[in-house]
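The next block holds one structure in the form of structure tokens; read it before the comments.
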Amino acid sequence: MKKLTEWLNQHIVPPLTALSENTYLSAIRAGMVSVVPLTIIGGLFMIISYLPVSGWDKIVAPFLPLLQIPVSATFGLLSVFACFAIAYDLGKQFKQEAIVSATMATLVFLMIQLKVGDTTEEIAFSMDSLGSKGLFTAVLIALISVRLQKYFSDKNLVIKLPENVPSVVYESFVSLTPLFFLVTLFWIIRFVLGVDIDHLVQIGFKPLIFALNTLPGILVYAFLVTLLWSVGINGDNAMDAIVAPIFLQYLTANVEAMVHGQPLPYITAYGFFTAFVNVGGTGATIALALVMWNSREPGYRKVSRLSLPTQIFQINEPIFFGFPIVLNPIFMIPYILNALILTAGSFLLMQAHLINRPFVNVPWTTPPIIGHYLVSGGDWRAAVWGFASIVIAMMVYFPFAKVAERQRLQAEASGRTQE
């Protein structure tokens, strides 16, 4: 086990740490996190619209068009907000004027989403692309725009006014040159050459979009997230930059399907992993706290009891670093195994339509079982599965926890004997 830990520290931790701290991925991650509250607000109106109570559909029917307005304003404009947020964060990291960075990127993104008819009166936005369909385009436009802004600034290819000019005016003129270049560049690509940027981007990401809604694909994702956590890297944050746009796209598609009374197309939509896999934290560590609640080893017992209240709200750092689980092969094995078991079980139950697929986004701190119930739109069967998930995770942790407990007690006894 010591050799395994040394190998992980030497060969796995450095490259994964570099990936986690990458500037561009960090900006994408921050931008995706900032738009999550929008989906939660939209989700609340979805719950009201489709409350699973007998006769509620008839009561709410006259008000349904009004209730859908906040849903359209959040999910329907998701890409616009994401583009703004990502560009803003990257602008800050590049020490540019962040609000200018965000404005430039959003302008370019909105421009390429225009549909042009035969007359000027027929120019309009492609609303589908302002929602989830344009999410990957929004990410790329944000990164490209801010990168070019920094290039122009570094090469001094900007218009600079005297220093006594108000900063707002100064920054607006500094942005003129890169903004003109960006608008001209994407105007030529999109409208002069007629390149459908959204379509090209979707084709590029299609294999990944497809894979993450399959059982093998989501199992690989679950393995990578828990492996990263096991070596001390926040696996959710590291992977979010890559997968969050996909999961949000799935969630928006499920919302649209629900609104139109169609079957929900995606199983692994945003909320699947946070509610159905990260039960009481990644690796379902709430189960480990319950197993060790009355541990014979005082340290394990104390950490379990202190960490349980936080794990009810999905925060598991106290037990994760207190036992520790990180770089500890005895706990790493059940930690990763639980994520894989709960991923597979939840996926197969949803695939068989035994529990509802996610279409409501709730805060990630929502307690287990309650989160299962809300994410699935009020499906009691999902809540039952949430309870069963904790029991299953406890069974997986139990033998490993007892081995660790026995080793700790033997080490303590040996220390006392030597004294």
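Residues are named by chain letter and number: chains run A, B, ... in the order of the structure tokens, numbers start at 1 in each chain, and ligands are numbered from 1 in the order shown.
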Legend entry - Selection: 8 Å around region 46-62 of chain A, only C-alpha atoms, excl. self and same-chain fewer than 5 positions, as a ChimeraX atom specification: /A:67-68,71,255,360,377-379
The selected residues should be written to file as a PDB file, in the first residue's frame (atoms: N, CA and C atoms).
ATOM      1  N   LEU A  67     -46.275  30.488 -15.788  1.00  0.00           N
ATOM      2  CA  LEU A  67     -45.243  29.797 -15.025  1.00  0.00           C
ATOM      3  C   LEU A  67     -44.052  29.417 -15.887  1.00  0.00           C
ATOM      4  N   GLN A  68     -44.259  29.305 -17.189  1.00  0.00           N
ATOM      5  CA  GLN A  68     -43.169  28.929 -18.086  1.00  0.00           C
ATOM      6  C   GLN A  68     -42.262  30.093 -18.429  1.00  0.00           C
ATOM      7  N   VAL A  71     -38.980  29.945 -16.631  1.00  0.00           N
ATOM      8  CA  VAL A  71     -38.233  28.800 -17.162  1.00  0.00           C
ATOM      9  C   VAL A  71     -37.531  29.191 -18.461  1.00  0.00           C
ATOM     10  N   VAL A 255     -36.034  19.472 -19.482  1.00  0.00           N
ATOM     11  CA  VAL A 255     -37.032  20.494 -19.135  1.00  0.00           C
ATOM     12  C   VAL A 255     -37.950  20.762 -20.325  1.00  0.00           C
ATOM     13  N   VAL A 360     -35.239  18.658 -12.591  1.00  0.00           N
ATOM     14  CA  VAL A 360     -35.255  19.805 -11.672  1.00  0.00           C
ATOM     15  C   VAL A 360     -33.874  19.915 -11.034  1.00  0.00           C
ATOM     16  N   GLY A 377     -38.435  15.413  -9.666  1.00  0.00           N
ATOM     17  CA  GLY A 377     -39.749  16.035  -9.817  1.00  0.00           C
ATOM     18  C   GLY A 377     -40.792  15.497  -8.855  1.00  0.00           C
ATOM     19  N   GLY A 378     -40.341  15.002  -7.704  1.00  0.00           N
ATOM     20  CA  GLY A 378     -41.283  14.517  -6.698  1.00  0.00           C
ATOM     21  C   GLY A 378     -41.633  13.044  -6.840  1.00  0.00           C
ATOM     22  N   ASP A 379     -40.671  12.233  -7.267  1.00  0.00           N
ATOM     23  CA  ASP A 379     -40.906  10.792  -7.417  1.00  0.00           C
ATOM     24  C   ASP A 379     -40.544  10.084  -6.108  1.00  0.00           C
TER      25      ASP A 379
END
Find the residues of region 192-309 of chain A that sit at most 10 Å from region 320-343 of chain A; for each, write down the nearest two atoms and how far apart they are in Å, to one decimal. Count only C-alpha atoms. Sort by chain, then by number going up, and give it as CSV.
residue,atom,partner,partner_atom,distance
A:Leu215,CA,A:Thr343,CA,8.2
A:Ile218,CA,A:Thr343,CA,7.4
A:Leu219,CA,A:Leu340,CA,6.0
A:Val220,CA,A:Leu340,CA,8.7
A:Tyr221,CA,A:Leu340,CA,9.4
A:Ala222,CA,A:Ala339,CA,6.1
A:Phe223,CA,A:Ile336,CA,6.4
A:Leu224,CA,A:Ile336,CA,9.0
A:Val225,CA,A:Ile336,CA,8.8
A:Thr226,CA,A:Ile336,CA,5.5
A:Leu227,CA,A:Ile336,CA,6.8
A:Leu228,CA,A:Val326,CA,9.3
A:Trp229,CA,A:Val326,CA,6.8
A:Ser230,CA,A:Val326,CA,4.5
A:Val231,CA,A:Leu327,CA,5.3
A:Gly232,CA,A:Val326,CA,5.6
A:Ile233,CA,A:Val326,CA,9.0
A:Thr268,CA,A:Thr343,CA,9.4
A:Phe272,CA,A:Thr343,CA,8.7
A:Phe273,CA,A:Thr343,CA,7.6
A:Phe276,CA,A:Leu342,CA,7.0
A:Val277,CA,A:Leu342,CA,5.4
A:Asn278,CA,A:Ala339,CA,7.3
A:Val279,CA,A:Leu342,CA,8.9
A:Gly281,CA,A:Phe320,CA,9.4
A:Thr282,CA,A:Ala339,CA,7.3
A:Gly283,CA,A:Tyr335,CA,4.7
A:Ala284,CA,A:Asn338,CA,6.7
A:Thr285,CA,A:Tyr335,CA,7.4
A:Ala287,CA,A:Asn338,CA,9.9
A:Leu288,CA,A:Tyr335,CA,9.1
A:Gly299,CA,A:Phe323,CA,8.2
A:Tyr300,CA,A:Phe323,CA,6.6
A:Arg301,CA,A:Phe323,CA,9.9
A:Lys302,CA,A:Gly322,CA,9.7
A:Val303,CA,A:Gly322,CA,6.3
A:Ser304,CA,A:Phe323,CA,8.7
A:Ser307,CA,A:Gly322,CA,8.9
Legend entry - Surrounding residues of region 383-391 of chain A excluding itself and chain neighbours under 3 positions, 6 Å, only C-alpha atoms, as a VMD selection string: chain A and resid 287 369 372 to 373 380 394
Residues of the last selection are to be written out with N, CA and C atoms, as a PDB file, in the first residue's frame.
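Saved result, again-v3.pdb, follows:
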ATOM      1  N   ALA A 287     -22.307   7.205   4.538  1.00  0.00           N
ATOM      2  CA  ALA A 287     -22.429   5.805   4.962  1.00  0.00           C
ATOM      3  C   ALA A 287     -21.241   5.399   5.833  1.00  0.00           C
ATOM      4  N   ILE A 369     -31.958  11.769  -0.080  1.00  0.00           N
ATOM      5  CA  ILE A 369     -33.361  11.341  -0.038  1.00  0.00           C
ATOM      6  C   ILE A 369     -34.268  12.506  -0.421  1.00  0.00           C
ATOM      7  N   HIS A 372     -33.021  13.375  -3.820  1.00  0.00           N
ATOM      8  CA  HIS A 372     -33.510  12.367  -4.770  1.00  0.00           C
ATOM      9  C   HIS A 372     -34.944  12.680  -5.185  1.00  0.00           C
ATOM     10  N   TYR A 373     -35.752  13.009  -4.196  1.00  0.00           N
ATOM     11  CA  TYR A 373     -37.176  13.276  -4.426  1.00  0.00           C
ATOM     12  C   TYR A 373     -37.376  14.525  -5.299  1.00  0.00           C
ATOM     13  N   TRP A 380     -41.545   9.519  -5.423  1.00  0.00           N
ATOM     14  CA  TRP A 380     -41.295   8.853  -4.138  1.00  0.00           C
ATOM     15  C   TRP A 380     -40.381   7.648  -4.295  1.00  0.00           C
ATOM     16  N   MET A 394     -23.175   1.611   3.018  1.00  0.00           N
ATOM     17  CA  MET A 394     -22.724   1.148   4.339  1.00  0.00           C
ATOM     18  C   MET A 394     -22.193  -0.285   4.261  1.00  0.00           C
TER      19      MET A 394
END
Inset, instruction - Using DSSP on the backbone, list every residue of region 100-129 of chain A that comes out as helix (DSSP H, G or I), and give them as an MDAnalysis selection string. - result: chainID A and resid 100:112 120:122 127:129
Legend entry - A:Asn213, A:Asn237, A:Ser145, A:Ser376 ranked by distance to Ala30 (chain A), top pick (using only C-alpha atoms):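 Checking each candidate against Ala30 (chain A), we get A:Asn237 as the closest.
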Inset, instruction - Can you work out which one of A:Ala244, A:Pro368, A:Leu176, A:Ile188 has the shortest atom-to-atom distance to Leu208 (chain A), counting only C-alpha atoms? - result: A:Ala244
